[in-house]
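Student: Just run_25.txt, nothing more (compact mmCIF, C-alpha atoms):
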# COMPACT_ATOMS: atom_id res chain seq x y z
CA MET N 22 13.95 15.98 9.75
CA LEU N 23 15.32 16.97 6.37
CA ILE N 24 18.09 14.80 4.96
CA GLU N 25 20.46 17.06 3.08
CA LYS N 26 21.32 16.00 -0.47
CA TYR N 27 25.06 16.33 0.11
CA LYS N 28 24.90 13.65 2.81
CA ILE N 29 23.26 11.25 0.37
CA ASP N 30 25.89 12.13 -2.22
CA GLU N 31 28.65 11.34 0.29
CA SER N 32 27.08 7.98 1.01
CA ASN N 33 26.81 7.26 -2.72
CA HIS N 34 30.43 8.19 -3.33
CA GLN N 35 31.59 5.40 -1.03
CA LEU N 36 29.54 2.84 -2.96
CA SER N 37 29.86 4.17 -6.50
CA SER N 38 32.67 1.92 -7.80
CA LYS N 39 31.09 -1.28 -6.50
CA HIS N 40 27.69 -0.21 -7.86
CA GLN N 41 29.06 0.59 -11.30
CA ARG N 42 30.65 -2.84 -11.66
CA ALA N 43 27.43 -4.58 -10.60
CA PHE N 44 25.28 -2.38 -12.82
CA ASP N 45 27.44 -2.87 -15.92
CA TYR N 46 27.34 -6.64 -15.43
CA VAL N 47 23.53 -6.83 -15.22
CA ALA N 48 22.80 -4.09 -17.75
CA ALA N 49 24.74 -5.90 -20.49
CA ASP N 50 21.98 -8.49 -20.79
CA VAL N 51 18.96 -6.18 -20.45
CA ALA N 52 17.07 -5.44 -23.62
CA ASN N 53 15.62 -1.90 -23.75
CA LEU N 54 17.70 -0.85 -20.76
CA ASP N 55 16.68 2.81 -20.93
CA GLY N 56 13.00 1.88 -21.05
CA VAL N 57 13.33 -0.34 -17.99
CA LEU N 58 15.20 2.34 -16.06
CA ASN N 59 12.67 5.02 -17.03
CA LYS N 60 9.81 2.86 -15.74
CA LEU N 61 11.67 2.17 -12.51
CA GLN N 62 12.37 5.86 -12.03
CA ALA N 63 8.70 6.73 -12.48
CA PHE N 64 7.36 4.02 -10.17
CA ASN N 65 6.46 5.29 -6.67
CA ILE N 66 4.73 3.63 -3.73
CA ALA N 67 2.64 5.64 -1.27
CA ILE N 68 3.44 5.46 2.44
CA PRO N 69 0.51 5.18 4.89
CA SER N 70 0.47 7.66 7.75
CA TRP N 71 -0.31 4.88 10.26
CA ALA N 72 2.84 2.88 9.42
CA LEU N 73 5.27 5.46 10.80
CA GLY N 74 4.85 4.50 14.45
CA THR N 75 5.48 1.19 16.15
CA GLY N 76 2.43 -1.02 15.86
CA GLY N 77 1.43 -3.99 17.93
CA THR N 78 -1.17 -6.66 18.45
CA ARG N 79 -4.29 -6.93 20.56
CA PHE N 80 -2.03 -8.28 23.32
CA GLY N 81 0.21 -5.25 23.58
CA ARG N 82 2.30 -2.58 21.97
CA PHE N 83 5.96 -1.82 22.57
CA SER N 84 6.60 1.78 21.66
CA GLY N 85 9.68 2.74 19.70
CA GLY N 86 11.63 5.94 20.14
CA GLY N 87 11.23 9.15 18.20
CA GLU N 88 7.77 8.30 16.88
CA PRO N 89 5.92 11.08 15.03
CA ARG N 90 3.65 13.01 17.40
CA SER N 91 1.66 14.85 14.75
CA LEU N 92 0.69 14.74 11.10
CA GLU N 93 3.45 17.20 10.33
CA GLU N 94 6.04 14.86 11.83
CA LYS N 95 4.61 11.91 9.90
CA ILE N 96 5.04 13.91 6.71
CA GLU N 97 8.63 14.62 7.76
CA ASP N 98 9.25 10.88 8.15
CA VAL N 99 7.83 10.12 4.71
CA GLY N 100 9.98 12.95 3.40
CA ALA N 101 13.05 11.24 4.84
CA ILE N 102 12.05 7.95 3.20
CA HIS N 103 11.53 9.67 -0.14
CA ALA N 104 14.81 11.58 0.10
CA LEU N 105 16.59 8.24 0.48
CA ASN N 106 14.75 6.05 -2.00
CA LYS N 107 13.12 8.55 -4.41
CA SER N 108 10.27 6.09 -4.73
CA SER N 109 7.80 7.27 -2.06
CA ASN N 110 6.48 10.61 -3.21
CA SER N 111 3.07 10.47 -1.54
CA ILE N 112 1.40 9.84 1.81
CA SER N 113 -1.97 8.20 2.44
CA LEU N 114 -3.93 9.50 5.43
CA HIS N 115 -6.26 7.65 7.77
CA ILE N 116 -9.12 9.78 9.04
CA PRO N 117 -9.77 10.57 11.90
CA TRP N 118 -6.29 9.49 13.04
CA ASP N 119 -4.71 12.22 10.94
CA ILE N 120 -7.19 15.03 10.41
CA PRO N 121 -5.50 18.05 8.78
CA SER N 122 -6.47 21.07 10.87
CA ASN N 123 -5.21 23.45 8.19
CA ALA N 124 -5.12 21.90 4.72
CA ASP N 125 -3.07 24.67 3.12
CA ALA N 126 -0.42 24.51 5.85
CA ILE N 127 -0.26 20.71 5.64
CA LYS N 128 0.09 20.83 1.86
CA ALA N 129 2.93 23.32 2.28
CA VAL N 130 4.75 20.96 4.66
CA ALA N 131 4.29 18.11 2.20
CA ALA N 132 5.55 20.24 -0.69
CA GLN N 133 8.74 21.02 1.25
CA HIS N 134 9.47 17.28 1.16
CA GLY N 135 8.39 16.74 -2.45
CA LEU N 136 5.24 14.89 -1.41
CA ARG N 137 1.61 14.79 -2.46
CA PHE N 138 -1.43 13.12 -0.88
CA ASP N 139 -2.58 9.72 -2.09
CA ALA N 140 -5.94 8.07 -1.32
CA VAL N 141 -7.64 8.96 1.95
CA ASN N 142 -8.89 6.15 4.19
CA SER N 143 -12.03 6.15 6.31
CA ASN N 144 -12.28 4.45 9.70
CA THR N 145 -15.50 2.83 10.87
CA PHE N 146 -13.81 -0.20 12.43
CA GLN N 147 -13.44 1.41 15.86
CA ASP N 148 -15.33 3.90 17.98
CA GLN N 149 -13.89 7.38 18.36
CA LYS N 150 -14.05 9.71 21.33
CA ASP N 151 -17.44 11.44 21.64
CA GLN N 152 -18.91 9.26 18.87
CA GLN N 153 -22.68 9.12 19.27
CA LEU N 154 -23.34 5.55 18.06
CA SER N 155 -21.13 2.47 18.29
CA TYR N 156 -19.70 0.32 15.49
CA LYS N 157 -19.49 -2.71 17.74
CA TYR N 158 -21.87 -4.60 15.43
CA GLY N 159 -20.75 -3.01 12.18
CA SER N 160 -21.02 0.23 10.29
CA LEU N 161 -22.21 0.38 6.67
CA HIS N 162 -23.99 -2.97 7.05
CA HIS N 163 -25.48 -2.27 10.48
CA ALA N 164 -29.08 -3.30 11.16
CA ASP N 165 -29.73 0.17 12.62
CA LYS N 166 -30.16 2.78 9.89
CA ALA N 167 -28.93 5.50 12.24
CA VAL N 168 -25.56 3.77 12.60
CA ARG N 169 -25.31 3.35 8.84
CA LYS N 170 -26.08 7.05 8.38
CA GLN N 171 -23.33 7.98 10.83
CA ALA N 172 -20.83 5.82 8.94
CA VAL N 173 -21.89 7.26 5.59
CA GLU N 174 -21.50 10.81 6.90
CA HIS N 175 -18.01 9.97 8.17
CA ASN N 176 -16.95 8.75 4.72
CA ILE N 177 -18.33 11.89 3.11
CA GLU N 178 -16.38 13.96 5.63
CA VAL N 179 -13.22 12.04 4.68
CA ILE N 180 -13.85 12.93 1.04
CA LYS N 181 -14.04 16.60 2.08
CA TYR N 182 -10.65 16.42 3.77
CA GLY N 183 -9.21 14.63 0.77
CA LYS N 184 -10.48 17.30 -1.63
CA GLU N 185 -8.77 19.97 0.46
CA LEU N 186 -5.46 18.08 0.25
CA GLY N 187 -5.61 17.30 -3.47
CA SER N 188 -6.36 13.60 -3.14
CA ASN N 189 -8.66 11.90 -5.64
CA ALA N 190 -9.60 8.55 -4.13
CA LEU N 191 -11.40 7.18 -1.07
CA SER N 192 -10.34 3.78 0.25
CA VAL N 193 -13.02 1.91 2.21
CA TRP N 194 -12.23 -1.10 4.40
CA LEU N 195 -14.93 -2.46 6.69
CA ALA N 196 -14.62 -4.61 9.79
CA ASP N 197 -18.33 -5.41 9.32
CA GLY N 198 -19.19 -9.06 9.77
CA SER N 199 -20.32 -11.59 12.35
CA ASN N 200 -18.73 -13.88 14.90
CA PHE N 201 -21.53 -16.44 15.21
CA PRO N 202 -23.92 -18.31 12.91
CA GLY N 203 -27.31 -16.66 12.81
CA GLN N 204 -25.99 -13.32 14.03
CA LEU N 205 -26.54 -11.70 10.61
CA ASN N 206 -28.89 -12.01 7.72
CA PHE N 207 -26.22 -12.15 4.99
CA ARG N 208 -28.41 -10.76 2.24
CA ASN N 209 -29.65 -7.84 4.34
CA ALA N 210 -26.12 -7.03 5.49
CA PHE N 211 -24.84 -6.98 1.92
CA GLN N 212 -27.78 -4.91 0.70
CA ASN N 213 -27.30 -2.42 3.54
CA THR N 214 -23.63 -2.14 2.61
CA LEU N 215 -24.48 -1.53 -1.04
CA GLU N 216 -27.04 1.17 -0.20
CA SER N 217 -24.57 2.87 2.14
CA LEU N 218 -21.84 2.78 -0.47
CA GLN N 219 -24.26 4.19 -3.04
CA GLU N 220 -24.76 7.24 -0.83
CA ILE N 221 -20.99 7.65 -0.51
CA TYR N 222 -20.55 7.12 -4.25
CA ALA N 223 -23.06 9.88 -4.97
CA ALA N 224 -20.92 12.29 -2.92
CA LEU N 225 -17.74 11.61 -4.92
CA PRO N 226 -16.40 14.53 -6.96
CA ASP N 227 -16.37 13.93 -10.71
CA ASP N 228 -12.67 13.06 -10.83
CA TRP N 229 -12.67 10.85 -7.73
CA LYS N 230 -12.78 7.08 -7.28
CA VAL N 231 -13.80 4.79 -4.44
CA TRP N 232 -11.72 1.70 -3.73
CA VAL N 233 -13.57 -1.19 -2.09
CA GLU N 234 -11.30 -3.43 -0.03
CA TYR N 235 -12.05 -6.98 1.12
CA LYS N 236 -10.90 -9.32 3.86
CA PRO N 237 -11.89 -12.94 4.60
CA TYR N 238 -11.76 -12.69 8.38
CA GLU N 239 -10.69 -10.68 11.43
CA PRO N 240 -11.88 -8.96 13.50
CA ASN N 241 -14.95 -11.12 12.81
CA PHE N 242 -14.31 -14.83 12.59
CA TYR N 243 -17.53 -16.29 11.19
CA SER N 244 -18.22 -13.93 8.30
CA THR N 245 -17.13 -10.63 6.84
CA THR N 246 -19.61 -8.70 4.75
CA ILE N 247 -17.03 -7.94 2.03
CA GLY N 248 -15.13 -11.18 2.41
CA ASP N 249 -13.39 -11.71 -0.93
CA TRP N 250 -12.63 -10.15 -4.28
CA GLY N 251 -15.84 -11.44 -5.82
CA GLN N 252 -17.98 -9.63 -3.27
CA SER N 253 -15.92 -6.46 -3.68
CA LEU N 254 -16.19 -6.69 -7.47
CA LEU N 255 -19.96 -7.24 -7.21
CA LEU N 256 -20.27 -4.05 -5.18
CA ALA N 257 -17.97 -2.10 -7.50
CA ASN N 258 -19.95 -3.18 -10.57
CA LYS N 259 -23.23 -2.20 -8.93
CA LEU N 260 -21.84 1.18 -7.86
CA GLY N 261 -20.52 2.29 -11.24
CA PRO N 262 -17.38 3.25 -13.17
CA LYS N 263 -15.79 5.26 -10.36
CA ALA N 264 -15.71 2.18 -8.07
CA SER N 265 -13.18 -0.63 -8.19
CA THR N 266 -11.61 -3.38 -6.08
CA LEU N 267 -8.61 -2.78 -3.83
CA VAL N 268 -6.33 -5.80 -3.32
CA ASP N 269 -4.50 -6.09 -0.01
CA LEU N 270 -1.91 -8.85 -0.38
CA GLY N 271 -2.39 -10.00 3.20
CA HIS N 272 -6.17 -10.21 3.01
CA HIS N 273 -6.38 -13.71 1.57
CA LEU N 274 -6.70 -17.22 2.87
CA PRO N 275 -3.52 -19.31 2.66
CA ASN N 276 -2.52 -20.43 -0.87
CA THR N 277 -4.95 -18.10 -2.61
CA ASN N 278 -3.84 -17.45 -6.19
CA ILE N 279 -3.58 -13.67 -5.92
CA GLU N 280 -1.89 -13.32 -9.31
CA GLN N 281 -4.96 -14.84 -10.98
CA ILE N 282 -7.26 -12.45 -9.12
CA VAL N 283 -5.12 -9.53 -10.28
CA SER N 284 -5.22 -10.68 -13.89
CA LEU N 285 -9.01 -10.95 -13.98
CA LEU N 286 -9.61 -7.64 -12.21
CA LEU N 287 -7.33 -5.92 -14.70
CA MET N 288 -9.16 -7.61 -17.56
CA GLU N 289 -12.43 -6.19 -16.24
CA GLY N 290 -10.95 -2.72 -15.68
CA LYS N 291 -11.81 -2.98 -11.99
CA LEU N 292 -8.42 -3.17 -10.27
CA ALA N 293 -8.10 -0.09 -8.07
CA GLY N 294 -4.64 -0.86 -6.81
CA PHE N 295 -2.69 -2.49 -4.03
CA HIS N 296 -1.98 -2.48 -0.35
CA PHE N 297 1.40 -4.22 -0.18
CA ASN N 298 2.53 -6.38 2.73
CA ASP N 299 3.22 -10.07 3.31
CA SER N 300 1.78 -12.86 5.44
CA LYS N 301 2.70 -16.30 6.71
CA TYR N 302 -0.53 -17.69 8.16
CA GLY N 303 -3.15 -15.04 7.53
CA ASP N 304 -3.90 -11.33 7.53
CA ASP N 305 -1.09 -8.86 6.83
CA ASP N 306 1.47 -6.54 8.42
CA LEU N 307 4.67 -8.40 7.57
CA THR N 308 7.41 -6.69 5.56
CA VAL N 309 6.75 -6.85 1.82
CA GLY N 310 8.66 -9.73 0.24
CA SER N 311 9.82 -11.14 3.57
CA ILE N 312 7.87 -14.40 3.20
CA ASN N 313 7.12 -15.09 -0.45
CA PRO N 314 9.04 -12.85 -2.87
CA TYR N 315 8.36 -15.25 -5.75
CA GLN N 316 4.62 -14.73 -5.40
CA LEU N 317 5.20 -10.97 -5.39
CA PHE N 318 7.10 -11.34 -8.67
CA LEU N 319 4.34 -13.50 -10.18
CA ILE N 320 1.78 -10.85 -9.20
CA PHE N 321 3.86 -8.16 -10.87
CA ASN N 322 4.26 -10.31 -13.95
CA GLU N 323 0.47 -10.36 -14.32
CA LEU N 324 0.31 -6.64 -13.57
CA VAL N 325 2.84 -5.71 -16.23
CA GLU N 326 1.30 -8.01 -18.84
CA GLY N 327 -2.25 -6.95 -18.03
CA MET N 328 -1.54 -3.23 -17.90
CA ASP N 329 0.41 -3.37 -21.16
CA ALA N 330 -2.49 -5.21 -22.78
CA ARG N 331 -4.79 -2.32 -21.82
CA GLY N 332 -2.30 0.42 -22.74
CA MET N 333 -2.05 1.58 -19.13
CA THR N 334 0.74 3.60 -17.54
CA HIS N 335 2.33 1.43 -14.87
CA ALA N 336 3.22 4.23 -12.46
CA THR N 337 -0.07 6.09 -12.27
CA ASP N 338 -3.05 4.21 -13.68
CA ILE N 339 -3.67 2.23 -10.49
CA GLY N 340 -2.82 2.94 -6.85
CA TRP N 341 0.29 1.56 -5.15
CA MET N 342 0.57 1.72 -1.38
CA ILE N 343 2.13 -0.15 1.52
CA ASP N 344 -0.24 -1.20 4.31
CA ALA N 345 1.61 -2.54 7.31
CA SER N 346 2.15 -1.99 11.00
CA HIS N 347 5.52 -2.81 12.46
CA ASN N 348 5.75 -4.05 16.03
CA LEU N 349 9.46 -4.94 16.21
CA LYS N 350 11.39 -3.09 13.52
CA ASP N 351 12.15 0.57 13.18
CA PRO N 352 9.15 1.58 11.03
CA ILE N 353 11.22 3.68 8.62
CA GLU N 354 13.68 0.82 8.10
CA ASP N 355 10.82 -1.58 7.46
CA LEU N 356 9.24 0.80 4.96
CA LEU N 357 12.55 1.21 3.15
CA GLN N 358 12.83 -2.59 2.94
CA SER N 359 9.26 -2.90 1.68
CA VAL N 360 9.64 -0.31 -1.06
CA GLU N 361 12.87 -1.99 -2.17
CA ALA N 362 11.14 -5.40 -2.36
CA ILE N 363 8.35 -3.93 -4.47
CA LYS N 364 10.75 -2.24 -6.86
CA ILE N 365 12.78 -5.45 -7.20
CA ALA N 366 9.69 -7.51 -8.07
CA TYR N 367 8.59 -4.87 -10.56
CA ALA N 368 12.04 -4.78 -12.17
CA GLN N 369 12.08 -8.56 -12.48
CA ALA N 370 8.66 -8.50 -14.14
CA LEU N 371 9.92 -5.91 -16.65
CA LEU N 372 12.63 -8.39 -17.70
CA VAL N 373 10.23 -11.21 -18.59
CA ASP N 374 10.46 -12.15 -22.26
CA THR N 375 6.74 -11.80 -22.88
CA ALA N 376 6.90 -12.82 -26.55
CA ALA N 377 8.68 -16.07 -25.69
CA LEU N 378 6.31 -16.67 -22.80
CA LYS N 379 3.27 -16.31 -25.05
CA GLU N 380 4.80 -18.76 -27.52
CA ALA N 381 5.37 -21.28 -24.73
CA GLN N 382 1.82 -20.79 -23.47
CA ALA N 383 0.38 -21.26 -26.97
CA ALA N 384 2.37 -24.47 -27.31
CA ASN N 385 1.37 -25.69 -23.84
CA ASP N 386 5.07 -25.90 -23.03
CA ALA N 387 4.98 -25.66 -19.24
CA VAL N 388 8.71 -26.32 -18.91
CA ALA N 389 9.67 -23.44 -21.20
CA ALA N 390 7.17 -21.10 -19.51
CA GLN N 391 8.63 -21.86 -16.10
CA GLU N 392 12.17 -21.30 -17.37
CA ILE N 393 11.24 -17.94 -18.86
CA LEU N 394 9.65 -16.70 -15.66
CA GLN N 395 12.39 -18.00 -13.38
CA ARG N 396 15.14 -16.59 -15.59
CA ALA N 397 13.74 -13.12 -14.92
CA TYR N 398 13.09 -13.85 -11.25
CA ARG N 399 16.62 -15.14 -10.64
CA THR N 400 18.22 -12.09 -12.22
CA ASP N 401 19.79 -9.87 -9.58
CA VAL N 402 18.03 -6.63 -10.49
CA ARG N 403 19.16 -4.72 -7.42
CA PRO N 404 21.78 -2.77 -9.43
CA LEU N 405 19.05 -1.69 -11.88
CA VAL N 406 16.84 -0.48 -9.04
CA ALA N 407 19.80 1.31 -7.44
CA GLU N 408 20.75 2.96 -10.75
CA ALA N 409 17.19 4.23 -11.26
CA ARG N 410 17.23 5.59 -7.72
CA LEU N 411 20.62 7.24 -8.28
CA ARG N 412 19.38 8.97 -11.42
CA GLU N 413 16.50 10.40 -9.39
CA GLY N 414 18.87 11.74 -6.75
CA GLY N 415 18.39 9.05 -4.12
CA ALA N 416 20.76 6.84 -2.18
CA LEU N 417 22.37 3.79 -3.74
CA SER N 418 21.63 1.95 -0.49
CA PRO N 419 18.81 3.75 1.35
CA LEU N 420 18.94 1.52 4.42
CA SER N 421 22.71 1.86 4.80
CA ALA N 422 22.46 5.62 4.40
CA TYR N 423 19.65 5.80 6.95
CA ARG N 424 21.77 3.97 9.51
CA SER N 425 25.01 5.80 8.80
CA LEU N 426 23.22 9.13 9.16
CA ASP N 427 21.79 8.09 12.55
CA VAL N 428 18.32 9.21 11.51
CA ARG N 429 16.51 7.33 14.29
CA LYS N 430 18.96 8.58 16.92
CA ASN N 431 18.35 12.14 15.77
CA LEU N 432 14.57 11.63 15.80
CA ILE N 433 14.75 10.36 19.38
CA LYS N 434 16.83 13.38 20.35
CA GLU N 435 14.29 15.69 18.72
CA ARG N 436 11.04 13.98 19.79
CA GLY N 437 11.88 11.91 22.82
CA GLU N 438 12.26 8.24 23.70
CA LYS N 439 8.66 7.55 24.77
CA THR N 440 6.61 9.27 22.09
CA VAL N 441 3.60 7.48 20.67
CA ALA N 442 2.49 8.03 17.08
CA THR N 443 -0.99 9.44 16.66
CA GLY N 444 -3.64 6.89 15.71
CA LEU N 445 -1.95 3.91 17.36
Can you present the structure in this file as structure tokens?

Tutor:
Amino acid sequence: MLIEKYKIDESNHQLSSKHQRAFDYVAADVANLDGVLNKLQAFNIAIPSWALGTGGTRFGRFSGGGEPRSLEEKIEDVGAIHALNKSSNSISLHIPWDIPSNADAIKAVAAQHGLRFDAVNSNTFQDQKDQQLSYKYGSLHHADKAVRKQAVEHNIEVIKYGKELGSNALSVWLADGSNFPGQLNFRNAFQNTLESLQEIYAALPDDWKVWVEYKPYEPNFYSTTIGDWGQSLLLANKLGPKASTLVDLGHHLPNTNIEQIVSLLLMEGKLAGFHFNDSKYGDDDLTVGSINPYQLFLIFNELVEGMDARGMTHATDIGWMIDASHNLKDPIEDLLQSVEAIKIAYAQALLVDTAALKEAQAANDAVAAQEILQRAYRTDVRPLVAEARLREGGALSPLSAYRSLDVRKNLIKERGEKTVATGL
């Protein structure tokens, strides 16, 4: 459904006085206010097509109402998110869950909502209907060359769909691994994966990139063939300049120093981008910033510092995307919360006094360094984020506007109570 601009304006009118007071209070202490706001206005986070329906676990799934029944309806949902927050101007597709039957028609639907297509994602972690060979024991690393060939051909097909839609990146995540000692020859599995990725890499258009994701465990619980950032980086370096490492915030063992990983990947020019989420015990799928917002800020601090050191444009030089599946919340509400958390952490990182921080680091003054970081983190930047959104034509409070406009109720009326999103 399209959310008319006048309805957003009406919502903003009710909040405008309160917002102005809060904004003026925070803005008074922000150096280079216009620069900060410009960066916040430019910063967008892609929405994954698979996050628009109610997810679940291997034990069950409890469907929500009004879920998108087609790719067109998923685009409509992302359009609603973007109309409200003006920070989600692209959608990332998972193939074959969301195969565009008519690329020109799909691009036209996206354009109506002010959207473009971000990275396309391949799927060799499950078997599809009428698939000739099974991925039960892996895909790109499989001992059987015929299975590897099938997986390679699927990835090349995904590139074809992406080209038709105007995308320029392929994201590869593999479930390949083993559940028991001795099940795999680790070296052979890694070499098979490299050779398979080399075939995919050779099929990339000149202006395309391939993003190699990693994960320490699940669905395999003894080993995963691309188990950490070092293994991903090793593959990316062997593949060439169009390959880099994709960091999923949930794909780390507890207490991993993700901000250090980010810093080093940026230093090497091999950070592809992010899949944002949060985690408590392991894996991902929790709302961004719901568990450890301070870590999210620390990650963004390294991102801002590292990208500035390389002269990179924050908004476009690496990929930014949410990767989550929501089994309790309204998916659109969760995505609005996640985008807000990301923008808040980014805004806080923009307020760090980097010159003072470098002086403290050079002097080994750990106390001063902590104070500098926490001063930025403890600043309530929500009025800055809201002001940037307002200047782009969005809602001062996207979640409040979503609820007051009864968007979910209208989606249920339009689509039905028991619909199930494609791909779930």

Student: With all atoms listed in the file as the atoms that count, which of N:Arg410, N:Lys28, N:Lys291, N:Arg396 lies nearest to Leu254 of chain N?

Tutor: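 When distances to Leu254 of chain N are compared using all atoms listed in the file, the smallest one comes from N:Lys291.
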
Student: Hey, what's within 9 Å of Glu361 of chain N if we count all atoms listed in the file and toss same-chain stuff fewer than 6 positions away? As a PDB file with C-alpha atoms, in the frame of the given file, please?

Tutor:
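This is the output file selection36.pdb:
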ATOM      1  CA  ASN N 106      14.750   6.050  -2.000  1.00  0.00           C
ATOM      2  CA  SER N 108      10.270   6.090  -4.730  1.00  0.00           C
ATOM      3  CA  VAL N 309       6.750  -6.850   1.820  1.00  0.00           C
ATOM      4  CA  ARG N 403      19.160  -4.720  -7.420  1.00  0.00           C
ATOM      5  CA  VAL N 406      16.840  -0.480  -9.040  1.00  0.00           C
ATOM      6  CA  PRO N 419      18.810   3.750   1.350  1.00  0.00           C
TER       7      PRO N 419
END

Student: Figure out the distance between atom CA of Leu218 of chain N and atom CA of Thr145 of chain N, please, to one decimal in Å.

Tutor: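 Here the two named atoms are 13.0 Å from each other.
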
Student: Taking all atoms listed in the file into account, name the residue in N:Gln281, N:Asn258, N:Thr443, N:Asn200 that is nearest to Phe242 of chain N.

Tutor: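 Of N:Gln281, N:Asn258, N:Thr443, N:Asn200, the one nearest Phe242 of chain N, counting all atoms listed in the file, is N:Asn200.
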
Student: Counting all atoms listed in the file, which residue out of N:Leu378, N:Leu405, N:Val57, N:Ala101 sits closest to Ile29 of chain N?

Tutor: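 Among the listed residues, N:Ala101 lies closest to Ile29 of chain N.
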
Student: What is the distance between atom CA of Leu307 of chain N and atom CA of Gly290 of chain N, in Å to one decimal?

Tutor: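 Atom CA of Gly290 of chain N lies at a distance of 28.6 Å from atom CA of Leu307 of chain N.
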
Student: If I take atom CA of Ser217 of chain N and atom CA of Ala164 of chain N, how far is one from the other in Å, to one decimal?

Tutor: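 Pair atom CA of Ser217 of chain N / atom CA of Ala164 of chain N returns 11.8 Å.
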
Student: Counting all atoms listed in the file, figure out which residue out of N:Ala330, N:Val402, N:Ala366, N:Leu357 gets nearest to Leu420 of chain N.

Tutor: N:Leu357

Student: With the cut-off set at 10 Å and counting only C-alpha atoms, tabulate each residue of segment 50-79 of chain N with an atom at most that distance from an atom of segment 368-373 of chain N, showing the nearest atom pair and its distance in Å to one decimal, ordered by chain and increasing number, as a Markdown table.

Tutor:
| residue | atom | partner | partner_atom | distance |
| --- | --- | --- | --- | --- |
| N:Asp50 | CA | N:Leu372 | CA | 9.8 |
| N:Val51 | CA | N:Leu372 | CA | 7.2 |
| N:Ala52 | CA | N:Leu372 | CA | 8.0 |
| N:Asn53 | CA | N:Leu372 | CA | 9.4 |
| N:Leu54 | CA | N:Leu372 | CA | 9.6 |
| N:Gly56 | CA | N:Leu371 | CA | 9.5 |
| N:Val57 | CA | N:Leu371 | CA | 6.7 |
| N:Leu58 | CA | N:Ala368 | CA | 8.7 |
| N:Lys60 | CA | N:Ala368 | CA | 8.7 |
| N:Leu61 | CA | N:Ala368 | CA | 7.0 |

Student: Excluding Ala131 of chain N and residues on its chain fewer than 6 positions from it, collect all residues at most 9 Å away from it, counting only C-alpha atoms, and give them as a list of chain:residue names.

Tutor: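 So the residues in contact are N:Glu93, N:Ile96, N:Glu97, N:Gly100, N:Ser111, N:Ile112, N:Arg137, N:Phe138.
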
Student: Of the residues N:Ile221, N:Ile353, N:Val268, N:Ile24, which is the one nearest to Trp71 of chain N, using all atoms listed in the file?

Tutor: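 For Trp71 of chain N, the nearest of the given residues is N:Ile353.
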
Student: Check the smallest atom-to-atom distance from each of N:Gln316, N:Thr75, N:Asn241, N:Asn142 to Asn276 of chain N using only C-alpha atoms, then report the winner.

Tutor: N:Gln316

Student: Keeping N, CA, C and O atoms, write segment 385-393 of chain N of the structure just shown out as a CSV table (one decimal), in the first residue's frame.

Tutor:
chain,number,residue,atom,x,y,z
N,385,ASN,N,48.3,6.9,25.5
N,385,ASN,CA,47.9,5.8,26.3
N,385,ASN,C,47.0,6.1,27.5
N,385,ASN,O,47.1,5.5,28.5
N,386,ASP,N,46.2,7.1,27.2
N,386,ASP,CA,45.3,7.6,28.3
N,386,ASP,C,43.9,6.9,28.1
N,386,ASP,O,43.0,7.4,27.4
N,387,ALA,N,43.8,5.7,28.7
N,387,ALA,CA,42.6,4.9,28.5
N,387,ALA,C,41.4,5.5,29.1
N,387,ALA,O,40.3,5.4,28.6
N,388,VAL,N,41.6,6.3,30.2
N,388,VAL,CA,40.5,6.9,30.9
N,388,VAL,C,39.9,8.0,29.9
N,388,VAL,O,38.7,8.1,29.7
N,389,ALA,N,40.7,8.9,29.4
N,389,ALA,CA,40.3,9.9,28.5
N,389,ALA,C,39.6,9.3,27.2
N,389,ALA,O,38.6,9.8,26.8
N,390,ALA,N,40.2,8.2,26.7
N,390,ALA,CA,39.6,7.6,25.5
N,390,ALA,C,38.2,7.1,25.8
N,390,ALA,O,37.3,7.3,25.0
N,391,GLN,N,38.0,6.5,26.9
N,391,GLN,CA,36.7,5.9,27.3
N,391,GLN,C,35.7,7.1,27.4
N,391,GLN,O,34.6,7.0,27.0
N,392,GLU,N,36.1,8.2,28.1
N,392,GLU,CA,35.3,9.3,28.3
N,392,GLU,C,34.8,9.9,26.9
N,392,GLU,O,33.7,10.3,26.7
N,393,ILE,N,35.7,10.0,26.0
N,393,ILE,CA,35.4,10.6,24.7
N,393,ILE,C,34.4,9.7,23.9
N,393,ILE,O,33.4,10.2,23.4
